[in-house]
file query.cif (mmCIF, C-alpha atoms)
data_start
#
loop_
_atom_site.label_atom_id
_atom_site.label_comp_id
_atom_site.auth_asym_id
_atom_site.auth_seq_id
_atom_site.Cartn_x
_atom_site.Cartn_y
_atom_site.Cartn_z
CA MET A 12 0.00 0.00 0.00
CA SER A 13 1.44 3.36 -1.02
CA ALA A 14 1.77 6.44 1.19
CA THR A 15 0.36 9.77 0.05
CA LEU A 16 2.67 12.77 0.31
CA ALA A 17 1.68 16.41 0.62
CA LYS A 18 3.82 19.22 -0.71
CA GLY A 19 7.05 19.52 1.29
CA GLN A 20 6.66 16.16 3.04
CA ASN A 21 9.25 13.41 2.84
CA GLY A 22 9.57 9.71 3.52
CA PRO A 23 12.27 7.02 3.71
CA LEU A 24 13.20 4.72 0.83
CA ALA A 25 13.78 1.13 1.91
CA SER A 26 14.44 -0.10 -1.64
CA ASN A 27 17.69 0.60 -3.49
CA ASP A 28 16.02 0.32 -6.90
CA VAL A 29 13.07 2.60 -7.50
CA VAL A 30 11.07 3.87 -10.47
CA ILE A 31 9.59 7.37 -10.77
CA SER A 32 6.58 7.63 -13.05
CA ILE A 33 3.87 10.21 -13.66
CA GLN A 34 0.18 10.24 -14.49
CA LEU A 35 -1.31 13.22 -16.30
CA THR A 36 -3.79 13.98 -19.06
CA ALA A 37 -1.49 16.06 -21.28
CA PRO A 38 1.51 15.03 -23.41
CA ALA A 39 4.64 15.59 -21.33
CA ASP A 40 8.22 14.47 -20.79
CA LEU A 41 9.93 13.30 -17.62
CA SER A 42 13.59 14.15 -17.03
CA ALA A 43 16.07 14.11 -14.14
CA LEU A 44 18.75 16.45 -12.84
CA LEU A 45 21.47 14.88 -10.68
CA VAL A 46 22.85 17.68 -8.54
CA THR A 47 25.44 18.12 -5.84
CA GLU A 48 24.80 19.72 -2.48
CA ARG A 49 25.15 23.12 -4.18
CA GLY A 50 22.17 22.36 -6.42
CA LYS A 51 24.31 22.07 -9.59
CA VAL A 52 25.11 19.25 -11.97
CA ARG A 53 28.77 18.23 -12.14
CA THR A 54 28.71 17.96 -15.95
CA ASP A 55 26.04 17.87 -18.64
CA ALA A 56 26.09 14.06 -18.26
CA ASP A 57 24.11 14.53 -15.02
CA PHE A 58 21.06 15.65 -17.03
CA VAL A 59 18.89 12.67 -18.07
CA PHE A 60 16.25 13.40 -20.73
CA PHE A 61 14.92 12.06 -24.04
CA ASN A 62 18.09 12.97 -25.99
CA GLN A 63 20.36 11.58 -23.24
CA PRO A 64 18.39 8.75 -21.63
CA SER A 65 21.16 7.41 -19.37
CA GLY A 66 23.08 9.00 -16.53
CA PRO A 67 25.05 7.79 -13.49
CA GLY A 68 22.58 5.50 -11.71
CA VAL A 69 19.53 6.87 -13.57
CA ASN A 70 17.94 5.64 -16.79
CA LEU A 71 14.95 6.89 -18.75
CA GLN A 72 12.65 3.98 -19.56
CA PRO A 73 10.40 4.22 -22.63
CA ALA A 74 6.68 3.77 -22.13
CA PRO A 75 3.79 2.66 -24.35
CA ALA A 76 2.66 5.15 -27.00
CA GLY A 77 0.97 8.16 -25.52
CA GLN A 78 2.42 7.64 -22.04
CA PRO A 79 5.39 9.55 -20.55
CA ALA A 80 8.60 7.65 -19.91
CA SER A 81 9.67 6.74 -16.38
CA LEU A 82 12.93 7.08 -14.49
CA ALA A 83 14.62 3.95 -13.16
CA VAL A 84 17.02 4.81 -10.35
CA SER A 85 19.62 2.49 -8.85
CA LEU A 86 20.51 4.34 -5.66
CA ASP A 87 23.53 2.13 -4.92
CA THR A 88 25.23 3.26 -8.12
CA VAL A 89 24.54 7.00 -7.81
CA PRO A 90 27.92 8.75 -7.26
CA GLN A 91 28.64 9.81 -3.70
CA ASP A 92 28.92 13.50 -4.60
CA ILE A 93 25.39 13.52 -6.01
CA ASP A 94 23.13 14.79 -3.22
CA GLN A 95 19.75 14.97 -4.96
CA ILE A 96 17.94 13.56 -8.00
CA ARG A 97 15.23 15.97 -9.14
CA ALA A 98 12.41 14.64 -11.33
CA VAL A 99 11.07 17.28 -13.73
CA ILE A 100 7.82 17.19 -15.75
CA THR A 101 7.73 19.32 -18.91
CA LEU A 102 4.61 19.75 -21.04
CA ASP A 103 5.19 19.03 -24.74
CA ASP A 104 3.42 22.24 -25.73
CA PRO A 105 5.25 25.13 -24.00
CA SER A 106 2.35 27.47 -24.81
CA SER A 107 0.02 25.37 -22.63
CA ASN A 108 0.10 25.15 -18.84
CA PHE A 109 -0.75 22.75 -16.04
CA GLY A 110 -3.74 24.86 -15.05
CA GLN A 111 -5.55 23.63 -18.19
CA PHE A 112 -5.42 19.98 -17.10
CA ALA A 113 -6.11 17.77 -14.12
CA PRO A 114 -3.28 17.88 -11.56
CA PRO A 115 -0.46 15.45 -12.40
CA THR A 116 0.48 12.67 -10.01
CA ALA A 117 4.07 11.57 -9.35
CA ILE A 118 4.54 7.94 -8.28
CA VAL A 119 7.53 6.21 -6.69
CA SER A 120 7.55 2.41 -6.97
CA ASP A 121 10.02 -0.35 -6.21
CA ALA A 122 11.56 -2.50 -8.95
CA ALA A 123 8.70 -5.01 -8.65
CA GLY A 124 6.12 -2.33 -9.39
CA ASN A 125 4.81 -1.94 -5.84
CA ARG A 126 3.83 1.66 -5.24
CA LEU A 127 5.69 3.25 -2.34
CA TYR A 128 4.58 6.89 -2.54
CA GLU A 129 2.10 9.00 -4.49
CA TYR A 130 2.05 12.78 -4.74
CA GLN A 131 -0.71 14.70 -6.53
CA ILE A 132 0.79 18.03 -7.55
CA GLY A 133 -1.83 20.68 -6.89
CA GLY A 134 -1.66 24.46 -7.04
CA LEU A 135 -0.19 24.71 -10.55
CA ALA A 136 -1.59 27.37 -12.87
CA THR A 137 0.44 29.10 -15.58
CA GLU A 138 3.53 26.89 -15.38
CA SER A 139 4.46 24.41 -18.11
CA ILE A 140 7.35 22.91 -16.09
CA VAL A 141 7.34 21.54 -12.54
CA ILE A 142 9.99 19.94 -10.33
CA ALA A 143 7.74 17.11 -9.16
CA LEU A 144 9.80 15.41 -6.47
CA GLU A 145 13.35 14.62 -5.51
CA LEU A 146 15.31 11.74 -4.06
CA TYR A 147 17.94 12.98 -1.61
CA ARG A 148 20.55 11.74 0.84
CA ARG A 149 20.04 12.27 4.55
CA GLN A 150 22.45 10.87 7.14
CA GLY A 151 23.61 8.02 4.92
CA THR A 152 20.19 6.96 3.64
CA TRP A 153 17.96 7.96 0.74
CA LYS A 154 14.59 9.68 1.13
CA VAL A 155 11.92 11.07 -1.19
CA ARG A 156 10.46 14.56 -0.92
CA ALA A 157 7.34 16.00 -2.60
CA VAL A 158 8.43 19.30 -4.17
CA GLY A 159 5.76 20.49 -6.63
CA GLN A 160 7.63 23.66 -7.53
CA GLY A 161 6.45 25.21 -10.79
CA TYR A 162 9.06 26.87 -12.95
CA ALA A 163 8.04 29.83 -15.09
CA GLY A 164 11.38 30.64 -16.70
CA GLY A 165 11.24 28.02 -19.47
CA PHE A 166 12.99 24.68 -19.85
CA ALA A 167 16.31 26.19 -20.96
CA ALA A 168 16.30 28.49 -17.93
CA LEU A 169 15.57 25.57 -15.59
CA VAL A 170 18.48 23.43 -16.73
CA THR A 171 20.81 26.43 -17.05
CA ASP A 172 20.09 27.38 -13.44
CA HIS A 173 21.18 23.84 -12.50
CA GLY A 174 24.48 24.23 -14.36
CA VAL A 175 23.63 22.50 -17.65
CA SER A 176 25.11 24.05 -20.81
CA VAL A 177 22.41 24.95 -23.33
CA GLU A 178 23.44 25.52 -26.93
CA ASP A 179 21.87 28.13 -29.20
CA SER A 180 20.00 29.86 -26.41
CA SER A 181 18.96 33.10 -28.02
CA GLN A 182 17.35 34.52 -24.90
CA PRO A 183 19.22 33.42 -21.78
CA ALA A 184 17.50 33.96 -18.48
CA GLN A 185 18.50 37.19 -16.80
CA GLN A 186 18.10 38.29 -13.23
CA PRO A 187 16.47 41.73 -13.07
CA ALA A 188 18.37 44.39 -11.18
CA ALA A 189 15.49 44.88 -8.77
CA GLN A 190 12.17 43.20 -8.08
CA PRO A 191 9.02 44.39 -6.35
CA PRO A 192 8.11 42.94 -2.99
CA VAL A 193 6.33 39.59 -2.96
CA ALA A 194 3.13 38.58 -1.23
CA PRO A 195 3.30 36.44 1.91
CA PRO A 196 3.64 32.73 1.06
CA PRO A 197 0.40 30.73 0.93
CA VAL A 198 0.05 27.85 3.36
CA PRO A 199 0.08 24.45 1.62
CA PRO A 200 -2.49 21.92 2.88
CA GLN A 201 -1.62 20.58 6.31
CA PRO A 202 -3.88 19.23 9.05
CA MET A 203 -5.02 22.66 10.12
CA ALA A 204 -7.78 25.03 9.05
CA PRO A 205 -6.64 28.27 7.37
CA PRO A 206 -6.86 31.48 9.38
CA THR A 207 -10.28 33.10 9.38
CA GLN A 208 -9.40 36.57 10.53
CA GLN A 209 -9.16 38.97 7.60
CA ALA A 210 -7.24 42.18 8.13
CA PRO A 211 -8.43 45.37 6.39
CA GLN A 212 -7.24 45.87 2.86
CA TYR A 213 -4.43 48.35 2.39
CA ALA A 214 -4.42 51.01 -0.24
CA ALA A 215 -3.40 49.82 -3.70
CA THR A 216 -0.09 51.60 -4.09
CA GLY A 217 1.39 49.20 -6.63
CA ALA A 218 4.20 48.40 -4.19
CA TYR A 219 2.66 45.12 -3.08
CA PRO A 220 0.60 42.50 -4.93
CA PRO A 221 -2.93 41.75 -3.65
CA PRO A 222 -3.33 39.10 -0.93
CA THR A 223 -3.59 35.45 -1.95
CA GLN A 224 -5.56 32.62 -0.37
CA GLY A 225 -7.07 34.80 2.33
CA TYR A 226 -3.89 36.22 3.80
CA PRO A 227 -3.62 40.00 4.22
CA PRO A 228 -0.76 41.83 2.53
CA PRO A 229 1.93 43.37 4.69
CA PRO A 230 1.46 47.12 5.14
CA THR A 231 3.33 49.34 2.73
CA GLN A 232 4.57 51.68 5.44
CA GLY A 233 5.97 50.37 8.69
CA TYR A 234 4.99 47.16 10.41
CA PRO A 235 2.21 46.61 12.97
CA PRO A 236 3.05 45.27 16.40
CA PRO A 237 2.72 41.48 16.72
CA PRO A 238 -0.71 40.21 17.78
CA THR A 239 -0.79 39.31 21.46
CA GLN A 240 -3.80 36.94 21.47
CA GLY A 241 -3.92 36.96 25.24
CA TYR A 242 -0.18 36.74 25.68
CA PRO A 243 1.88 39.37 27.46
CA PRO A 244 3.72 41.79 25.19
CA PRO A 245 7.26 40.78 24.28
CA PRO A 246 9.81 41.96 26.81
CA GLN A 247 12.01 44.89 25.99
CA ALA A 248 15.21 43.74 24.38
CA ALA A 249 18.09 43.48 26.79
CA PRO A 250 21.24 45.43 25.99
CA GLN A 251 22.95 43.57 23.18
CA PRO A 252 26.65 42.76 22.98
CA THR A 253 28.35 45.43 20.95
CA GLY A 254 31.50 43.55 19.98
CA GLU A 255 31.79 41.15 17.10
CA VAL A 256 33.32 37.73 17.41
CA SER A 257 35.50 35.98 14.86
CA LEU A 258 35.05 32.55 13.33
CA SER A 259 37.52 29.94 14.51
CA LYS A 260 39.01 26.93 12.76
CA ASP A 261 39.27 24.94 15.97
CA ARG A 262 35.85 25.22 17.56
CA PRO A 263 32.49 26.80 16.78
CA VAL A 264 31.72 30.23 18.14
CA SER A 265 29.04 30.22 20.84
CA LEU A 266 26.92 33.27 20.09
CA GLN A 267 24.92 35.26 22.60
CA LYS A 268 21.65 36.96 21.77
CA GLY A 269 22.32 40.00 19.59
CA GLN A 270 25.95 39.10 18.96
CA LYS A 271 27.33 39.39 15.43
CA VAL A 272 29.91 37.46 13.47
CA THR A 273 31.48 38.32 10.12
CA LEU A 274 31.17 35.49 7.62
CA ARG A 275 34.89 35.25 7.02
CA LYS A 276 37.10 32.42 8.19
CA GLU A 277 40.38 32.95 9.96
CA GLY A 278 42.78 34.35 7.43
CA GLY A 279 40.13 36.59 5.87
CA THR A 280 38.64 34.11 3.40
CA ALA A 281 35.01 34.95 2.69
CA LEU A 282 32.47 32.16 3.00
CA THR A 283 30.54 31.51 -0.19
CA PHE A 284 28.24 28.61 0.67
CA VAL A 285 26.75 28.11 4.12
CA LYS A 286 24.13 25.96 5.80
CA MET A 287 21.80 27.19 8.50
CA GLY A 288 20.71 24.24 10.63
CA LEU A 289 17.79 24.65 13.02
CA GLY A 290 16.82 22.10 15.63
CA TRP A 291 14.52 21.51 18.56
CA ASP A 292 13.10 18.70 20.69
CA PRO A 293 9.52 18.37 21.93
CA VAL A 294 9.09 18.37 25.70
CA GLN A 295 7.86 15.11 27.22
CA THR A 296 4.91 15.42 29.58
CA ARG A 297 3.87 12.99 32.30
CA GLY A 298 0.41 11.50 32.10
CA MET A 299 -1.67 8.73 33.59
CA PHE A 300 -0.23 6.21 31.12
CA GLY A 301 3.38 7.34 31.30
CA ASN A 302 5.41 9.95 29.47
CA ARG A 303 3.95 11.46 26.33
CA THR A 304 5.66 13.56 23.68
CA VAL A 305 3.55 16.39 22.28
CA ASP A 306 3.33 16.34 18.48
CA ILE A 307 4.87 19.76 17.78
CA ASP A 308 5.27 20.84 14.16
CA LEU A 309 7.81 23.64 13.91
CA ASP A 310 8.81 25.03 10.51
CA ALA A 311 12.03 26.79 9.58
CA SER A 312 11.84 29.49 6.91
CA VAL A 313 14.00 32.24 5.49
CA ILE A 314 12.59 35.55 4.31
CA MET A 315 14.70 37.60 1.89
CA PHE A 316 14.42 41.40 2.09
CA ALA A 317 15.36 44.15 -0.31
CA ASP A 318 15.95 46.94 2.20
CA MET A 319 12.62 47.04 4.12
CA ASN A 320 10.58 45.11 1.55
CA PRO A 321 10.10 41.30 1.53
CA ALA A 322 11.25 40.10 -1.89
CA ASP A 323 11.41 36.27 -1.77
CA TYR A 324 11.36 33.34 0.62
CA ALA A 325 12.06 29.64 1.10
CA TYR A 326 9.85 27.54 3.38
CA TYR A 327 8.06 24.17 3.46
CA GLY A 328 5.68 25.28 0.70
CA GLN A 329 8.37 26.70 -1.61
CA LEU A 330 11.62 24.87 -1.04
CA SER A 331 13.77 27.20 -3.15
CA SER A 332 13.90 30.94 -3.58
CA LYS A 333 13.03 31.97 -7.13
CA ASP A 334 16.67 32.78 -7.92
CA GLY A 335 17.88 29.45 -6.50
CA SER A 336 20.32 30.98 -4.02
CA VAL A 337 18.43 29.73 -0.94
CA ARG A 338 17.18 26.15 -0.69
CA HIS A 339 15.15 24.54 2.06
CA GLN A 340 15.87 20.84 2.58
CA GLY A 341 12.34 19.83 3.56
CA ASP A 342 9.78 19.77 6.33
CA ASN A 343 10.18 17.93 9.65
CA LEU A 344 6.75 17.44 11.21
CA THR A 345 7.75 16.37 14.73
CA GLY A 346 11.25 17.53 15.73
CA GLU A 347 12.25 13.92 16.37
CA GLY A 348 15.80 12.76 15.71
CA GLU A 349 19.30 13.93 16.46
CA GLY A 350 21.02 16.95 14.94
CA ASP A 351 19.41 19.49 12.62
CA ASP A 352 15.67 19.09 12.20
CA GLU A 353 15.56 21.41 9.20
CA VAL A 354 18.41 22.71 7.04
CA ILE A 355 18.50 25.76 4.77
CA LEU A 356 21.34 26.09 2.24
CA VAL A 357 22.53 29.57 1.24
CA ASP A 358 24.80 30.25 -1.73
CA LEU A 359 26.03 33.74 -0.91
CA THR A 360 27.52 34.15 -4.39
CA ARG A 361 24.10 33.81 -6.04
CA ILE A 362 22.05 36.11 -3.83
CA PRO A 363 20.82 38.98 -6.07
CA ALA A 364 22.40 42.37 -5.49
CA HIS A 365 19.13 43.97 -4.37
CA ILE A 366 18.71 41.49 -1.48
CA THR A 367 20.15 43.03 1.69
CA THR A 368 18.94 40.79 4.56
CA LEU A 369 17.90 37.20 5.14
CA ILE A 370 15.92 36.49 8.32
CA PHE A 371 15.72 32.89 9.56
CA ILE A 372 12.53 32.18 11.50
CA VAL A 373 10.82 29.22 13.15
CA THR A 374 7.02 29.09 13.35
CA SER A 375 4.73 26.67 15.17
CA TYR A 376 2.13 25.43 12.67
CA LYS A 377 -0.27 23.98 15.27
CA GLY A 378 0.05 26.91 17.67
CA HIS A 379 2.19 25.26 20.34
CA THR A 380 4.34 27.77 22.17
CA PHE A 381 8.07 27.53 22.75
CA GLU A 382 7.32 26.63 26.38
CA GLN A 383 6.68 23.13 24.95
CA VAL A 384 10.02 23.02 23.10
CA GLN A 385 13.49 22.38 24.44
CA ASN A 386 17.01 22.39 23.01
CA ALA A 387 16.11 24.92 20.32
CA PHE A 388 19.18 26.11 18.41
CA CYS A 389 20.45 27.46 15.14
CA ARG A 390 23.92 26.85 13.80
CA LEU A 391 26.04 28.06 10.90
CA VAL A 392 27.95 25.43 8.91
CA ASP A 393 30.61 25.92 6.24
CA GLY A 394 29.17 24.29 3.12
CA ALA A 395 32.63 23.53 1.77
CA ASN A 396 33.66 21.10 4.53
CA ASN A 397 30.57 20.76 6.81
CA ALA A 398 32.48 22.33 9.70
CA GLU A 399 30.29 24.03 12.31
CA LEU A 400 31.30 27.69 12.58
CA ALA A 401 28.83 29.23 15.02
CA ARG A 402 25.93 28.15 17.21
CA TYR A 403 23.19 30.01 19.06
CA THR A 404 21.18 28.08 21.66
CA LEU A 405 17.83 29.37 22.84
CA ALA A 406 17.70 29.09 26.62
CA GLY A 407 14.30 28.78 28.31
CA GLY A 408 10.78 28.50 26.88
CA MET A 409 8.67 31.50 25.96
CA ARG A 410 4.98 32.04 25.33
CA PHE A 411 5.37 32.68 21.62
CA THR A 412 4.47 30.66 18.55
CA ALA A 413 7.25 32.09 16.38
CA MET A 414 10.91 32.96 16.77
CA ALA A 415 13.31 35.08 14.73
CA MET A 416 16.43 32.97 15.26
CA ALA A 417 19.08 34.77 13.21
CA LYS A 418 19.68 37.11 10.32
CA VAL A 419 22.35 37.26 7.63
CA TYR A 420 22.86 40.71 6.13
CA ARG A 421 25.17 42.77 3.96
CA SER A 422 27.62 45.10 5.68
CA GLY A 423 29.78 46.94 3.22
CA GLY A 424 31.36 44.26 1.07
CA ASP A 425 30.87 41.51 3.67
CA TRP A 426 28.09 39.29 4.88
CA LYS A 427 27.45 39.13 8.63
CA MET A 428 25.25 36.96 10.83
CA GLN A 429 23.49 38.12 13.99
CA ALA A 430 21.84 35.91 16.63
CA LEU A 431 18.32 37.22 17.35
CA GLY A 432 16.24 34.85 19.52
CA GLU A 433 13.21 37.20 19.52
CA GLY A 434 9.71 35.75 19.95
CA PHE A 435 6.38 36.85 18.47
CA GLN A 436 3.02 35.33 17.51
CA ALA A 437 2.69 33.64 14.10
CA LYS A 438 1.83 30.12 13.00
CA HIS A 439 3.26 30.30 9.49
CA PRO A 440 5.49 32.59 7.39
CA GLY A 441 2.51 34.47 5.93
CA GLU A 442 1.63 35.73 9.41
CA ALA A 443 5.27 36.34 10.31
CA ILE A 444 6.38 38.55 7.41
CA PRO A 445 4.51 41.73 8.50
CA GLN A 446 6.21 41.50 11.92
CA LEU A 447 9.82 41.26 10.80
CA GLY A 448 10.45 44.93 10.08
CA ARG A 449 11.84 45.57 13.56
CA PHE A 450 14.74 43.25 12.82
CA LEU A 451 15.79 45.17 9.71
CA SER A 452 16.50 48.68 10.93
CA ALA A 453 19.67 48.06 12.96
CA ASN A 454 22.12 46.07 10.87
#

call {"tool": "encode", "arguments": {"input": "query.cif", "output": "structure tokens"}}
result
Amino acid sequence: MSATLAKGQNGPLASNDVVISIQLTAPADLSALLVTERGKVRTDADFVFFNQPSGPGVNLQPAPAGQPASLAVSLDTVPQDIDQIRAVITLDDPSSNFGQFAPPTAIVSDAAGNRLYEYQIGGLATESIVIALELYRRQGTWKVRAVGQGYAGGFAALVTDHGVSVEDSSQPAQQPAAQPPVAPPPVPPQPMAPPTQQAPQYAATGAYPPPTQGYPPPPTQGYPPPPTQGYPPPPQAAPQPTGEVSLSKDRPVSLQKGQKVTLRKEGGTALTFVKMGLGWDPVQTRGMFGNRTVDIDLDASVIMFADMNPADYAYYGQLSSKDGSVRHQGDNLTGEGEGDDEVILVDLTRIPAHITTLIFIVTSYKGHTFEQVQNAFCRLVDGANNAELARYTLAGGMRFTAMAMAKVYRSGGDWKMQALGEGFQAKHPGEAIPQLGRFLSAN
């Protein structure tokens, strides 16, 4: 019996030989991108499609007439430096879009044809390309993640962004010098009803798109105070450390709240690729039938700002920023397990010039407060060698449903990170974005 995945969810793969297939009502092609931890192919040979049906550990299998081909993956033979295998669906007619057809379904089966996972890709509209799902390594094992990320830039732009060379590309994708602010992210389906409270509409200034899926747009001037919902107002910030600490080769820096660190290693070498790991453990409570662990679903997200305006984001419902510089590694629904519960990868060399600040937040989807969480931390890891560079541990629980853990921001020609540890009330990134302005003014 197969398991059904929702967008952003993941599951383990017990079989070393799997087949990825798709069901849809429009003519389409299935392809695969084998990428390293940086989200890039090593060579063009890591792109498996109809003109190159074989790659390292991945083969495109033909299907009966009228049906899309499938991808046969032998996980044991995938090279060790390949971190993810991304399955991409491309409509044959680029002038059509997925919104004209029934939602496609991605299926993962074992070699015997037994279905392991199914993922119906909803929410597509004008896109003709979608990254359906990905197989990825996690702590020595392989897992599958439902992605469902539509791609509007065209097929050539998709593969070029992943490092594939495209010949005779007359109109290469270009990153605009500046972009308008984006609307708060919608909340993908999870076991929770959407918010019912509708804030008043703000004046149409053209600076912010209209709200989507019932969420109010952030105000165009300033930011409102966080909703209290019966909770005491957040305490006044304690005096913050004024000095900056330096990264060390020998041991990670232990940051205090408000403390800053320049993202340069000893010797002055600038970091280019970093990981932000966030972790937590649910608190066990004693009951009549023994200890019980509360099912707490915390979500890590990063919001990208152009000065004071939110411009992009990566979270469980959109695992990559639109420019590809920030990538979320998937949703953890419980906080169980050792080490990082959620990981966000940041390629500092690819962040667009108009982006000035990245704020890393954790929100509690089911409304549990941080009083029910222990061992909450964020840590900075050098993506080149996986060495931990800095760690900030949140001491003590607080009556908030959201936390701004850290921010990474431009300072002159450098990037810096600052430990925040500030609580507020929000269950998902859409509610959090309007409350983040207070973290932007003092870089």

call {"tool": "closest_residue", "arguments": {"input": "query.cif", "among": "A:Gln446, A:Thr367, A:Gln329, A:Ser13", "to": "A:Val119", "atoms": "all atoms listed in the file"}}
result
A:Ser13

call {"tool": "closest_residue", "arguments": {"input": "query.cif", "among": "A:Thr412, A:Gln270, A:Thr404, A:Ser422", "to": "A:Val256", "atoms": "all atoms listed in the file"}}
result
A:Gln270

call {"tool": "atom_distance", "arguments": {"input": "query.cif", "atom1": "atom CA of A:Glu48", "atom2": "atom CA of A:Thr283"}}
result
13.3 Å

call {"tool": "resolve_selection", "arguments": {"input": "query.cif", "expression": "the PyMOL selection byres ((chain A and resi 73) around 12)", "output": "PyMOL selection string"}}
result
chain A and resi 32+40-42+60-61+64-65+70-72+74-83

call {"tool": "closest_residue", "arguments": {"input": "query.cif", "among": "A:Gly133, A:Pro114, A:Gly124, A:Gly328", "to": "A:Ile31", "atoms": "only C-alpha atoms"}}
result
A:Gly124

call {"tool": "closest_residue", "arguments": {"input": "query.cif", "among": "A:Gly394, A:Gly432, A:Gly22, A:Gly174", "to": "A:Phe284", "atoms": "all atoms listed in the file"}}
result
A:Gly394

call {"tool": "atom_distance", "arguments": {"input": "query.cif", "atom1": "atom CA of A:Lys18", "atom2": "atom CA of A:Gly159"}}
result
6.4 Å

call {"tool": "residues_around", "arguments": {"input": "query.cif", "residues": "stretch 84-93 of chain A", "least_positions_apart": "2", "cutoff": "7 Å", "atoms": "all atoms listed in the file", "output": "JSON, numbers by chain"}}
result
{"A": [27, 28, 29, 30, 45, 46, 47, 67, 68, 69, 70, 82, 95]}

call {"tool": "resolve_selection", "arguments": {"input": "query.cif", "expression": "the PyMOL selection byres ((chain A and resi 416) around 6)", "output": "list of chain:residue names"}}
result
A:Phe371, A:Ile372, A:Met414, A:Ala415, A:Ala417, A:Leu431, A:Gly432

call {"tool": "closest_residue", "arguments": {"input": "query.cif", "among": "A:Ala136, A:Leu258, A:Leu309, A:Leu330", "to": "A:Lys427", "atoms": "only C-alpha atoms"}}
result
A:Leu258

call {"tool": "residues_around", "arguments": {"input": "query.cif", "residues": "A:His339", "least_positions_apart": "5", "cutoff": "10 Å", "atoms": "all atoms listed in the file", "output": "VMD selection string"}}
result
chain A and resid 19 286 to 287 311 to 313 324 to 332 353 to 357

call {"tool": "write_last_selection", "arguments": {"input": "query.cif", "atoms": "C-alpha atoms", "output": "short mmCIF file (atom, residue, chain, number, x, y, z; two decimals), keeping the file's coordinate frame"}}
result
data_model
loop_
_atom_site.label_atom_id
_atom_site.label_comp_id
_atom_site.auth_asym_id
_atom_site.auth_seq_id
_atom_site.Cartn_x
_atom_site.Cartn_y
_atom_site.Cartn_z
CA GLY A 19 7.05 19.52 1.29
CA LYS A 286 24.13 25.96 5.80
CA MET A 287 21.80 27.19 8.50
CA ALA A 311 12.03 26.79 9.58
CA SER A 312 11.84 29.49 6.91
CA VAL A 313 14.00 32.24 5.49
CA TYR A 324 11.36 33.34 0.62
CA ALA A 325 12.06 29.64 1.10
CA TYR A 326 9.85 27.54 3.38
CA TYR A 327 8.06 24.17 3.46
CA GLY A 328 5.68 25.28 0.70
CA GLN A 329 8.37 26.70 -1.61
CA LEU A 330 11.62 24.87 -1.04
CA SER A 331 13.77 27.20 -3.15
CA SER A 332 13.90 30.94 -3.58
CA GLU A 353 15.56 21.41 9.20
CA VAL A 354 18.41 22.71 7.04
CA ILE A 355 18.50 25.76 4.77
CA LEU A 356 21.34 26.09 2.24
CA VAL A 357 22.53 29.57 1.24
#

call {"tool": "closest_residue", "arguments": {"input": "query.cif", "among": "A:Val264, A:Ala322, A:Ser452, A:Asp310", "to": "A:Arg390", "atoms": "all atoms listed in the file"}}
result
A:Val264

call {"tool": "residues_around", "arguments": {"input": "query.cif", "residues": "A:Asp425", "least_positions_apart": "3", "cutoff": "10 Å", "atoms": "all atoms listed in the file", "output": "PDB file with C-alpha atoms, keeping the file's coordinate frame"}}
result
ATOM      1  CA  THR A 273      31.480  38.320  10.120  1.00  0.00           C
ATOM      2  CA  LEU A 274      31.170  35.490   7.620  1.00  0.00           C
ATOM      3  CA  ARG A 275      34.890  35.250   7.020  1.00  0.00           C
ATOM      4  CA  ALA A 281      35.010  34.950   2.690  1.00  0.00           C
ATOM      5  CA  LEU A 282      32.470  32.160   3.000  1.00  0.00           C
ATOM      6  CA  TYR A 420      22.860  40.710   6.130  1.00  0.00           C
ATOM      7  CA  ARG A 421      25.170  42.770   3.960  1.00  0.00           C
ATOM      8  CA  SER A 422      27.620  45.100   5.680  1.00  0.00           C
TER       9      SER A 422
END

call {"tool": "atom_distance", "arguments": {"input": "query.cif", "atom1": "atom CA of A:Gly279", "atom2": "atom CA of A:Val337"}}
result
23.8 Å

call {"tool": "resolve_selection", "arguments": {"input": "query.cif", "expression": "the PyMOL selection byres ((chain A and resi 152) around 12)", "output": "list in words"}}
result
Gly22, Pro23, Leu24, Ala25, Ser26, Asn27, Leu86, Asp87, Gln91, Asp94, Gln95, Leu146, Tyr147, Arg148, Arg149, Gln150, Gly151, Trp153, Lys154 and Val155 of chain A

call {"tool": "write_last_selection", "arguments": {"input": "query.cif", "atoms": "C-alpha atoms", "output": "compact mmCIF listing (two decimals), in the frame of the given file"}}
result
# COMPACT_ATOMS: atom_id res chain seq x y z
CA GLY A 22 9.57 9.71 3.52
CA PRO A 23 12.27 7.02 3.71
CA LEU A 24 13.20 4.72 0.83
CA ALA A 25 13.78 1.13 1.91
CA SER A 26 14.44 -0.10 -1.64
CA ASN A 27 17.69 0.60 -3.49
CA LEU A 86 20.51 4.34 -5.66
CA ASP A 87 23.53 2.13 -4.92
CA GLN A 91 28.64 9.81 -3.70
CA ASP A 94 23.13 14.79 -3.22
CA GLN A 95 19.75 14.97 -4.96
CA LEU A 146 15.31 11.74 -4.06
CA TYR A 147 17.94 12.98 -1.61
CA ARG A 148 20.55 11.74 0.84
CA ARG A 149 20.04 12.27 4.55
CA GLN A 150 22.45 10.87 7.14
CA GLY A 151 23.61 8.02 4.92
CA TRP A 153 17.96 7.96 0.74
CA LYS A 154 14.59 9.68 1.13
CA VAL A 155 11.92 11.07 -1.19

call {"tool": "residues_around", "arguments": {"input": "query.cif", "residues": "A:Thr116", "least_positions_apart": "5", "cutoff": "9 Å", "atoms": "all atoms listed in the file", "output": "MDAnalysis selection string"}}
result
chainID A and resid 32:35 129:133 143
